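K.L.:
Below is the file final_24.cif, which contains mmCIF, C-alpha atoms.
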data_data
loop_
_atom_site.group_PDB
_atom_site.id
_atom_site.type_symbol
_atom_site.label_atom_id
_atom_site.label_comp_id
_atom_site.auth_asym_id
_atom_site.auth_seq_id
_atom_site.Cartn_x
_atom_site.Cartn_y
_atom_site.Cartn_z
ATOM 1 C CA MET M 7 0.000 0.000 0.000
ATOM 2 C CA ALA M 8 1.496 3.267 -1.122
ATOM 3 C CA THR M 9 1.519 6.036 1.303
ATOM 4 C CA SER M 10 1.699 9.668 0.259
ATOM 5 C CA THR M 11 3.816 12.004 2.273
ATOM 6 C CA SER M 12 3.337 15.719 2.320
ATOM 7 C CA SER M 13 5.982 18.133 3.514
ATOM 8 C CA ALA M 14 5.120 20.276 6.456
ATOM 9 C CA PRO M 15 4.427 23.877 5.544
ATOM 10 C CA ALA M 16 7.383 26.152 6.115
ATOM 11 C CA PRO M 17 6.975 28.496 9.029
ATOM 12 C CA SER M 18 5.824 31.833 7.880
ATOM 13 C CA ARG M 19 8.341 34.647 8.245
ATOM 14 C CA PRO M 20 7.232 37.730 9.977
ATOM 15 C CA ARG M 21 6.346 40.366 7.463
ATOM 16 C CA GLN M 22 8.910 43.089 7.103
ATOM 17 C CA HIS M 23 7.186 46.278 8.097
ATOM 18 C CA ARG M 24 8.370 49.526 6.632
ATOM 19 C CA GLU M 25 10.021 51.810 9.141
ATOM 20 C CA THR M 26 7.422 54.127 10.539
ATOM 21 C CA GLY M 27 9.854 56.716 11.826
ATOM 22 C CA PRO M 28 10.209 60.057 10.073
ATOM 23 C CA GLY M 29 12.326 60.145 6.939
ATOM 24 C CA VAL M 30 14.159 63.122 5.582
ATOM 25 C CA ASN M 31 12.744 66.252 7.145
ATOM 26 C CA PHE M 32 13.979 69.800 7.543
ATOM 27 C CA GLY M 33 15.147 69.225 11.106
ATOM 28 C CA ARG M 34 17.333 66.297 10.081
ATOM 29 C CA VAL M 35 18.703 68.228 7.119
ATOM 30 C CA MET M 36 19.668 71.094 9.429
ATOM 31 C CA LYS M 37 21.336 68.645 11.814
ATOM 32 C CA SER M 38 23.333 67.237 8.913
ATOM 33 C CA GLU M 39 24.438 70.694 7.811
ATOM 34 C CA TRP M 40 25.382 71.571 11.379
ATOM 35 C CA ILE M 41 27.616 68.504 11.523
ATOM 36 C CA LYS M 42 29.236 69.516 8.215
ATOM 37 C CA VAL M 43 30.089 72.974 9.532
ATOM 38 C CA THR M 44 31.272 72.012 13.009
ATOM 39 C CA THR M 45 33.367 68.971 12.059
ATOM 40 C CA VAL M 46 35.570 70.676 9.464
ATOM 41 C CA PRO M 47 38.648 71.892 11.390
ATOM 42 C CA SER M 48 39.427 74.744 9.004
ATOM 43 C CA THR M 49 35.904 76.152 9.374
ATOM 44 C CA VAL M 50 35.997 75.971 13.168
ATOM 45 C CA ILE M 51 39.445 77.587 13.250
ATOM 46 C CA LEU M 52 38.224 80.388 10.973
ATOM 47 C CA ILE M 53 35.186 81.044 13.158
ATOM 48 C CA VAL M 54 37.254 81.143 16.359
ATOM 49 C CA SER M 55 39.855 83.339 14.652
ATOM 50 C CA THR M 56 37.120 85.766 13.617
ATOM 51 C CA VAL M 57 36.019 86.187 17.230
ATOM 52 C CA VAL M 58 39.598 86.607 18.459
ATOM 53 C CA VAL M 59 40.511 89.192 15.821
ATOM 54 C CA MET M 60 37.290 91.190 16.291
ATOM 55 C CA VAL M 61 37.924 91.352 20.042
ATOM 56 C CA GLY M 62 41.577 92.259 19.439
ATOM 57 C CA LEU M 63 40.621 95.092 17.091
ATOM 58 C CA ALA M 64 38.175 96.412 19.685
ATOM 59 C CA ALA M 65 40.923 96.388 22.325
ATOM 60 C CA LEU M 66 43.256 98.304 19.993
ATOM 61 C CA PHE M 67 40.493 100.796 19.244
ATOM 62 C CA ALA M 68 39.878 101.318 22.958
ATOM 63 C CA TRP M 69 43.597 101.882 23.525
ATOM 64 C CA SER M 70 43.707 104.438 20.694
ATOM 65 C CA LEU M 71 40.824 106.311 22.311
ATOM 66 C CA THR M 72 42.746 106.570 25.573
ATOM 67 C CA MET M 73 45.659 108.043 23.616
ATOM 68 C CA MET M 74 43.279 110.561 22.047
ATOM 69 C CA ALA M 75 41.887 111.473 25.451
ATOM 70 C CA GLN M 76 45.396 112.091 26.796
ATOM 71 C CA SER M 77 46.196 114.419 23.900
ATOM 72 C CA ILE M 78 43.277 116.716 24.716
ATOM 73 C CA ASN M 79 45.130 118.404 27.576
ATOM 74 C CA ASP M 80 48.605 117.936 26.142
ATOM 75 C CA PRO M 81 50.097 121.444 25.691
ATOM 76 C CA SER M 82 52.594 120.161 23.133
ATOM 77 C CA VAL M 83 49.771 119.318 20.706
ATOM 78 C CA PRO M 84 48.679 122.343 18.577
ATOM 79 C CA ALA M 85 45.109 123.435 19.242
ATOM 80 C CA GLU M 86 43.991 122.766 15.675
ATOM 81 C CA PHE M 87 45.051 119.109 16.001
ATOM 82 C CA ARG M 88 43.511 118.435 19.383
ATOM 83 C CA THR M 89 40.641 115.994 19.676
ATOM 84 C CA PRO M 90 37.254 117.579 20.464
ATOM 85 C CA THR M 91 35.997 116.972 23.977
ATOM 86 C CA GLU M 92 32.332 116.706 22.959
ATOM 87 C CA GLY M 93 30.328 115.531 19.992
ATOM 88 C CA PRO M 94 30.703 112.598 17.584
ATOM 89 C CA GLY M 95 34.475 113.073 17.255
ATOM 90 C CA SER M 96 35.157 113.011 20.971
ATOM 91 C CA PRO M 97 36.732 109.965 22.650
ATOM 92 C CA GLY M 98 33.759 109.615 24.990
ATOM 93 C CA PHE M 99 31.320 109.355 22.111
ATOM 94 C CA GLN M 100 33.502 107.044 20.034
ATOM 95 C CA ALA M 101 34.018 104.770 23.026
ATOM 96 C CA LEU M 102 30.367 103.723 22.758
ATOM 97 C CA THR M 103 31.127 102.159 19.360
ATOM 98 C CA THR M 104 33.907 99.950 20.736
ATOM 99 C CA PRO M 105 31.854 96.695 20.833
ATOM 100 C CA SER M 106 31.232 96.834 17.076
ATOM 101 C CA SER M 107 34.599 98.313 16.061
ATOM 102 C CA GLY M 108 35.831 94.995 14.624
ATOM 103 C CA LEU M 109 32.750 94.536 12.462
ATOM 104 C CA ALA M 110 34.467 95.206 9.127
ATOM 105 C CA PHE M 111 36.861 92.306 9.630
ATOM 106 C CA GLY M 112 34.082 89.992 10.773
ATOM 107 C CA GLN M 113 31.974 91.026 7.805
ATOM 108 C CA LEU M 114 34.778 90.114 5.401
ATOM 109 C CA LEU M 115 35.415 86.681 6.900
ATOM 110 C CA ILE M 116 31.753 85.726 7.344
ATOM 111 C CA ALA M 117 30.953 86.728 3.755
ATOM 112 C CA SER M 118 33.883 84.673 2.465
ATOM 113 C CA LEU M 119 33.007 81.701 4.674
ATOM 114 C CA ALA M 120 29.368 81.653 3.528
ATOM 115 C CA VAL M 121 30.377 81.707 -0.135
ATOM 116 C CA VAL M 122 33.005 78.998 0.320
ATOM 117 C CA LEU M 123 30.687 76.669 2.241
ATOM 118 C CA ILE M 124 28.134 76.539 -0.565
ATOM 119 C CA ALA M 125 30.169 77.194 -3.730
ATOM 120 C CA SER M 126 32.782 74.588 -2.816
ATOM 121 C CA GLU M 127 30.096 71.896 -2.970
ATOM 122 C CA TRP M 128 29.662 72.564 -6.683
ATOM 123 C CA THR M 129 33.427 72.826 -7.174
ATOM 124 C CA THR M 130 34.121 69.472 -5.496
ATOM 125 C CA GLY M 131 30.960 67.734 -6.701
ATOM 126 C CA MET M 132 29.678 67.181 -3.147
ATOM 127 C CA ILE M 133 26.427 68.862 -4.138
ATOM 128 C CA ARG M 134 25.433 65.668 -5.974
ATOM 129 C CA SER M 135 25.658 63.669 -2.763
ATOM 130 C CA THR M 136 23.691 66.348 -0.952
ATOM 131 C CA MET M 137 20.930 66.294 -3.538
ATOM 132 C CA VAL M 138 20.800 62.488 -3.516
ATOM 133 C CA ALA M 139 20.301 62.528 0.243
ATOM 134 C CA VAL M 140 17.846 65.437 0.036
ATOM 135 C CA PRO M 141 16.150 65.298 -3.383
ATOM 136 C CA LYS M 142 14.279 68.540 -2.824
ATOM 137 C CA ARG M 143 16.770 71.310 -3.437
ATOM 138 C CA VAL M 144 15.057 74.146 -1.610
ATOM 139 C CA PRO M 145 15.093 72.502 1.865
ATOM 140 C CA ALA M 146 18.737 71.477 1.439
ATOM 141 C CA LEU M 147 19.920 74.931 0.423
ATOM 142 C CA LEU M 148 17.669 76.646 2.935
ATOM 143 C CA ALA M 149 19.076 74.493 5.748
ATOM 144 C CA LYS M 150 22.624 75.482 4.779
ATOM 145 C CA THR M 151 21.601 79.127 4.827
ATOM 146 C CA VAL M 152 19.935 78.905 8.237
ATOM 147 C CA ILE M 153 22.951 77.182 9.799
ATOM 148 C CA ILE M 154 25.517 79.704 8.517
ATOM 149 C CA ALA M 155 23.201 82.565 9.537
ATOM 150 C CA VAL M 156 22.957 81.189 13.090
ATOM 151 C CA VAL M 157 26.726 80.716 13.255
ATOM 152 C CA ALA M 158 27.285 84.266 11.979
ATOM 153 C CA PHE M 159 24.873 85.722 14.536
ATOM 154 C CA VAL M 160 26.602 83.923 17.411
ATOM 155 C CA VAL M 161 30.028 85.050 16.159
ATOM 156 C CA GLY M 162 28.900 88.674 15.913
ATOM 157 C CA PHE M 163 27.031 88.797 19.208
ATOM 158 C CA VAL M 164 29.725 87.000 21.220
ATOM 159 C CA SER M 165 32.483 89.107 19.644
ATOM 160 C CA ALA M 166 30.674 92.370 20.435
ATOM 161 C CA LEU M 167 29.868 91.327 23.996
ATOM 162 C CA VAL M 168 33.412 90.136 24.734
ATOM 163 C CA SER M 169 34.770 93.278 23.071
ATOM 164 C CA TYR M 170 32.703 95.378 25.448
ATOM 165 C CA LEU M 171 34.010 93.469 28.479
ATOM 166 C CA VAL M 172 37.640 93.594 27.312
ATOM 167 C CA ALA M 173 37.519 97.298 26.438
ATOM 168 C CA GLN M 174 36.109 98.537 29.756
ATOM 169 C CA PRO M 175 39.320 98.150 31.820
ATOM 170 C CA ILE M 176 41.280 99.886 29.039
ATOM 171 C CA LEU M 177 38.815 102.784 28.787
ATOM 172 C CA ARG M 178 38.488 103.156 32.550
ATOM 173 C CA GLY M 179 41.981 104.614 32.797
ATOM 174 C CA GLU M 180 40.733 107.795 31.080
ATOM 175 C CA ASN M 181 37.180 107.659 32.484
ATOM 176 C CA LEU M 182 35.817 106.560 29.106
ATOM 177 C CA ASP M 183 34.165 103.371 30.344
ATOM 178 C CA PHE M 184 30.397 103.066 29.995
ATOM 179 C CA ALA M 185 27.549 100.794 31.014
ATOM 180 C CA LEU M 186 25.956 98.291 28.696
ATOM 181 C CA SER M 187 22.645 99.974 29.504
ATOM 182 C CA GLU M 188 23.708 103.225 27.802
ATOM 183 C CA ASP M 189 21.296 104.315 25.084
ATOM 184 C CA GLY M 190 21.844 102.267 21.925
ATOM 185 C CA VAL M 191 24.769 100.195 23.231
ATOM 186 C CA LEU M 192 22.929 96.931 23.915
ATOM 187 C CA ALA M 193 21.055 97.215 20.624
ATOM 188 C CA SER M 194 24.387 97.748 18.858
ATOM 189 C CA VAL M 195 25.824 94.598 20.462
ATOM 190 C CA ILE M 196 22.829 92.498 19.408
ATOM 191 C CA ASN M 197 22.685 94.008 15.934
ATOM 192 C CA THR M 198 26.349 93.217 15.366
ATOM 193 C CA GLY M 199 25.254 89.582 15.342
ATOM 194 C CA THR M 200 22.128 90.315 13.317
ATOM 195 C CA PHE M 201 24.116 92.200 10.702
ATOM 196 C CA LEU M 202 26.627 89.359 10.275
ATOM 197 C CA ALA M 203 23.744 86.885 9.999
ATOM 198 C CA LEU M 204 22.225 88.907 7.149
ATOM 199 C CA VAL M 205 25.664 89.219 5.525
ATOM 200 C CA ALA M 206 25.894 85.428 5.638
ATOM 201 C CA VAL M 207 22.489 85.032 3.952
ATOM 202 C CA ILE M 208 23.387 87.498 1.195
ATOM 203 C CA SER M 209 26.756 85.833 0.620
ATOM 204 C CA MET M 210 25.257 82.344 0.641
ATOM 205 C CA SER M 211 22.756 83.484 -1.996
ATOM 206 C CA ILE M 212 25.596 84.830 -4.131
ATOM 207 C CA GLY M 213 27.401 81.505 -3.805
ATOM 208 C CA ILE M 214 24.291 79.591 -4.906
ATOM 209 C CA LEU M 215 23.835 81.850 -7.925
ATOM 210 C CA LEU M 216 27.449 81.833 -9.112
ATOM 211 C CA ARG M 217 28.498 78.311 -8.039
ATOM 212 C CA ASN M 218 32.096 79.494 -8.062
ATOM 213 C CA THR M 219 34.170 80.123 -4.951
ATOM 214 C CA ALA M 220 36.484 82.817 -6.300
ATOM 215 C CA GLY M 221 33.749 84.604 -8.221
ATOM 216 C CA GLY M 222 31.395 84.491 -5.247
ATOM 217 C CA VAL M 223 33.960 85.879 -2.799
ATOM 218 C CA VAL M 224 34.938 88.680 -5.192
ATOM 219 C CA THR M 225 31.279 89.573 -5.773
ATOM 220 C CA ALA M 226 30.484 89.621 -2.050
ATOM 221 C CA VAL M 227 33.534 91.765 -1.289
ATOM 222 C CA GLY M 228 32.562 94.076 -4.149
ATOM 223 C CA ILE M 229 29.043 94.551 -2.805
ATOM 224 C CA PHE M 230 30.032 95.161 0.814
ATOM 225 C CA PHE M 231 33.320 97.044 0.416
ATOM 226 C CA VAL M 232 33.971 98.284 -3.135
ATOM 227 C CA LEU M 233 30.487 99.452 -4.134
ATOM 228 C CA PRO M 234 30.186 101.985 -1.246
ATOM 229 C CA ILE M 235 33.534 103.514 -2.252
ATOM 230 C CA ILE M 236 32.439 103.856 -5.869
ATOM 231 C CA VAL M 237 29.143 105.442 -4.844
ATOM 232 C CA GLN M 238 30.962 107.863 -2.557
ATOM 233 C CA LEU M 239 33.246 108.924 -5.400
ATOM 234 C CA LEU M 240 30.208 109.504 -7.598
ATOM 235 C CA SER M 241 28.196 111.341 -4.937
ATOM 236 C CA GLY M 242 29.092 114.748 -6.365
ATOM 237 C CA ILE M 243 27.592 113.988 -9.772
ATOM 238 C CA ALA M 244 23.936 113.991 -8.706
ATOM 239 C CA ASP M 245 22.047 114.801 -5.516
ATOM 240 C CA TRP M 246 20.127 111.520 -5.546
ATOM 241 C CA ILE M 247 23.250 109.340 -5.320
ATOM 242 C CA PRO M 248 23.959 109.993 -1.596
ATOM 243 C CA ASP M 249 20.277 109.363 -0.827
ATOM 244 C CA ALA M 250 20.343 106.084 -2.744
ATOM 245 C CA ALA M 251 23.607 105.059 -1.063
ATOM 246 C CA ARG M 252 21.779 104.785 2.268
ATOM 247 C CA PHE M 253 20.045 101.681 0.955
ATOM 248 C CA LEU M 254 23.221 99.788 0.080
ATOM 249 C CA PRO M 255 23.852 96.755 2.339
ATOM 250 C CA ALA M 256 27.049 98.198 3.836
ATOM 251 C CA ASP M 257 25.491 101.594 4.666
ATOM 252 C CA ALA M 258 22.334 100.029 6.043
ATOM 253 C CA GLY M 259 24.458 97.673 8.144
ATOM 254 C CA GLU M 260 26.409 100.572 9.623
ATOM 255 C CA GLN M 261 23.141 102.118 10.754
ATOM 256 C CA MET M 262 22.086 98.828 12.337
ATOM 257 C CA VAL M 263 24.994 99.006 14.778
ATOM 258 C CA ALA M 264 25.016 102.798 15.148
ATOM 259 C CA VAL M 265 24.691 103.999 18.723
ATOM 260 C CA GLU M 266 23.339 107.406 17.720
ATOM 261 C CA VAL M 267 21.527 108.087 14.450
ATOM 262 C CA ALA M 268 22.742 111.052 12.437
ATOM 263 C CA GLU M 269 20.319 113.473 10.818
ATOM 264 C CA ASP M 270 18.757 112.209 7.568
ATOM 265 C CA ALA M 271 20.238 108.746 8.180
ATOM 266 C CA LEU M 272 18.391 105.459 8.556
ATOM 267 C CA THR M 273 17.538 104.352 12.075
ATOM 268 C CA GLN M 274 18.661 101.019 13.480
ATOM 269 C CA TRP M 275 15.310 99.474 12.602
ATOM 270 C CA GLN M 276 15.267 100.959 9.115
ATOM 271 C CA GLY M 277 18.807 99.775 8.467
ATOM 272 C CA GLY M 278 17.835 96.313 9.605
ATOM 273 C CA LEU M 279 14.799 96.247 7.329
ATOM 274 C CA VAL M 280 16.897 97.308 4.342
ATOM 275 C CA MET M 281 19.449 94.577 5.044
ATOM 276 C CA ALA M 282 16.677 92.026 5.536
ATOM 277 C CA ALA M 283 15.122 93.026 2.214
ATOM 278 C CA TRP M 284 18.447 92.518 0.417
ATOM 279 C CA ALA M 285 18.891 89.124 2.066
ATOM 280 C CA LEU M 286 15.329 87.949 1.378
ATOM 281 C CA VAL M 287 15.247 89.027 -2.278
ATOM 282 C CA LEU M 288 18.629 87.504 -3.101
ATOM 283 C CA LEU M 289 17.788 84.276 -1.260
ATOM 284 C CA VAL M 290 14.474 83.855 -3.087
ATOM 285 C CA ILE M 291 16.154 84.483 -6.451
ATOM 286 C CA ALA M 292 18.939 82.027 -5.600
ATOM 287 C CA LEU M 293 16.502 79.274 -4.567
ATOM 288 C CA VAL M 294 14.342 79.737 -7.669
ATOM 289 C CA VAL M 295 17.385 79.622 -9.967
ATOM 290 C CA ALA M 296 18.860 76.602 -8.151
ATOM 291 C CA LYS M 297 15.570 74.734 -8.497
ATOM 292 C CA LYS M 298 15.520 75.220 -12.277
ATOM 293 C CA ARG M 299 19.203 74.487 -12.927
ATOM 294 C CA ASP M 300 20.827 71.102 -13.310
ATOM 295 C CA VAL M 301 23.122 70.023 -10.488
#
Represent the structure of the file as structure tokens.

P.N.:
Amino acid sequence: MATSTSSAPAPSRPRQHRETGPGVNFGRVMKSEWIKVTTVPSTVILIVSTVVVMVGLAALFAWSLTMMAQSINDPSVPAEFRTPTEGPGSPGFQALTTPSSGLAFGQLLIASLAVVLIASEWTTGMIRSTMVAVPKRVPALLAKTVIIAVVAFVVGFVSALVSYLVAQPILRGENLDFALSEDGVLASVINTGTFLALVAVISMSIGILLRNTAGGVVTAVGIFFVLPIIVQLLSGIADWIPDAARFLPADAGEQMVAVEVAEDALTQWQGGLVMAAWALVLLVIALVVAKKRDV
């Protein structure tokens, strides 16, 4: 009698469930960009160097003010060359600008850093890996911009605050020291960070548009440093040129950190709005262009 045998059914494997955790989101993209910035030694060294140099320049500026104050009562100095004791040219008034006195150097380095961080990705081809990990270009580029803006704000704010603390003992020797609660001083310290953050956004936008490190750095330097000089040289040609110059990024930024607003000049808030408008317009243009271009 033939018997039929049937094999036992194989045990069923548990079904592989798709991971239910969140995938690529803006928070994770920002975390990735933060790791990129903070784990590159050259970038960290540049950021720390920016703070150190800005504080050092503020200390030198404070020391120069004490020298000016000493020359006021020096009989060997001719009267026409003596420093005024009151007004914007006086040491006491200029001392209030000490926290932001290293801003020009910080502006140069932050602008260059922002351009390099984004343009170098196209130069090295790393942008392809970035876009593979984050297929949507706008969140990836926006995350880079937010991170460098935050870094720039911290650099500016910390540098201005430390500059204030370092300068006070130097200024105290000539009774030029002042409280942080003086009118406009605290706002100037905070806006030093805000201004550098907006500089970073503008420079990052330039880097996205040009995709070239050298070209981006030259363009950023031209906008923030060369363009104001050219406009100043041309100011005698027409009356409207000096009025228009107030709305350049560099001039608006100076008003952001100004302790006292001169007549017919932008206020701190107005300067900030002008800078924000430059940053927003350039960023929107850069993101739209980047979305339409090939990687």

K.L.:
Report the distance between atom CA of M:Asp189 and atom CA of M:Pro97 in Å, rounded to one decimal place.

P.N.:
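One can read the atom CA of M:Asp189 to atom CA of M:Pro97 distance as 16.6 Å.
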
K.L.:
Would you kindly return, as a PyMOL selection string, each protein, DNA or RNA residue with an atom no farther than 10 Å from any atom of M:Val295, considering only C-alpha atoms and excluding same-chain residues fewer than 6 positions away?

P.N.:
chain M and resi 214-215+289

K.L.:
Name the closest residue to M:Met262 among the candidates M:Thr103, M:Val121, M:Trp128, M:Arg134; distances are taken between atoms, counting only C-alpha atoms.

P.N.:
M:Thr103

K.L.:
For atom CA of M:Ala117 and atom CA of M:Ser70, quote the distance in Å rounded to one decimal.

P.N.:
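It comes out at 27.6 Å.
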
K.L.:
Using Å and a single decimal, report how far atom CA of M:Val164 sits from atom CA of M:Ser38.

P.N.:
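Answer for the atom CA of M:Ser38 to atom CA of M:Val164 separation: 24.1 Å.
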
K.L.:
I'd like the neighbourhood of M:Thr200 as a short mmCIF file (atom, residue, chain, number, x, y, z; two decimals) with C-alpha atoms, keeping the file's coordinate frame, where a residue qualifies if any of its atoms comes within 8 Å (using all atoms listed in the file), though same-chain residues fewer than 6 positions away should be ignored.

P.N.:
data_model
loop_
_atom_site.label_atom_id
_atom_site.label_comp_id
_atom_site.auth_asym_id
_atom_site.auth_seq_id
_atom_site.Cartn_x
_atom_site.Cartn_y
_atom_site.Cartn_z
CA PHE M 159 24.87 85.72 14.54
CA GLY M 162 28.90 88.67 15.91
CA PHE M 163 27.03 88.80 19.21
#

K.L.:
Find the residue from M:Ile53, M:Pro105, M:Val59, M:Gln276 that sits nearest to M:Val172; use all atoms listed in the file when measuring.

P.N.:
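Selected residue with least distance to M:Val172: M:Pro105.
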
K.L.:
Show me, as a list in words, the residues that have an atom within 12 Å of M:Trp69 when counting only C-alpha atoms, minus same-chain residues fewer than 5 positions from it.

P.N.:
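Residues near the query, excluding close chain neighbours: Gly62, Leu63, Ala64, Met74, Ala75, Gln76, Pro97, Gln100, Ala101, Thr104, Val172, Ala173, Gln174, Pro175, Ile176, Leu177, Arg178, Gly179, Glu180, Leu182 and Asp183 of chain M.
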
K.L.:
How would you write, as a list in words, the residues chosen by the PyMOL selection byres ((chain M and resi 248) around 12) on this structure?

P.N.:
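When the PyMOL selection byres ((chain M and resi 248) around 12) is applied, the selected residues are Pro234, Ile235, Ile236, Val237, Gln238, Leu239, Leu240, Ser241, Gly242, Ile243, Ala244, Asp245, Trp246, Ile247, Asp249, Ala250, Ala251, Arg252, Phe253, Leu254, Asp257, Asp270 and Ala271 of chain M.
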
K.L.:
Any chance you could work out the residue set of the PyMOL selection byres ((chain M and resi 133) around 12) here, as a ChimeraX atom specification?

P.N.:
/M:123-132,134-141,143,146-147,150,214,217,296,300-301

K.L.:
Here is a test: counting all atoms listed in the file, which residue of M:Gln274, M:Thr151, M:Ser118, M:Ser187 is nearest to M:Ala220?

P.N.:
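Closest to M:Ala220, using all atoms listed in the file: M:Ser118.
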
K.L.:
Take every atom of stretch 216-233 of chain M listed in the file, pad by 6 Å on each side, and give me the axis-aligned box centre and edge lengths in Å, one decimal, as JSON.

P.N.:
{"center_x": 32.0, "center_y": 88.9, "center_z": -4.1, "size_x": 21.0, "size_y": 33.1, "size_z": 21.9}

K.L.:
List the residues matched by the PyMOL selection byres ((chain M and resi 211) around 9) in the displayed structure as an MDAnalysis selection string, ordered by chain and then by residue number.

P.N.:
chainID M and resid 120:121 124 151 206:210 212:216 285 288:293

K.L.:
In the coordinates of the file, take the point (30.6, 81.5, 14.6) and a cut-off of 9 Å; then, counting all atoms listed in the file, name each qualifying protein, DNA or RNA residue as a ChimeraX atom specification.

P.N.:
/M:50,52-54,56-57,116,154,156-162,164

K.L.:
Could you check the closest approach to M:Tyr170 for each of M:Ala68, M:Val232, M:Ala258, M:Ala193 and tell me which residue wins, using all atoms listed in the file?

P.N.:
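Comparing M:Ala68, M:Val232, M:Ala258, M:Ala193 against M:Tyr170, the winner is M:Ala68.
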
K.L.:
Which of these, M:Met60, M:Leu167, M:Val280, M:Val294, has the shortest distance to M:Gln113 once you count only C-alpha atoms?

P.N.:
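Nearest to M:Gln113: M:Met60.
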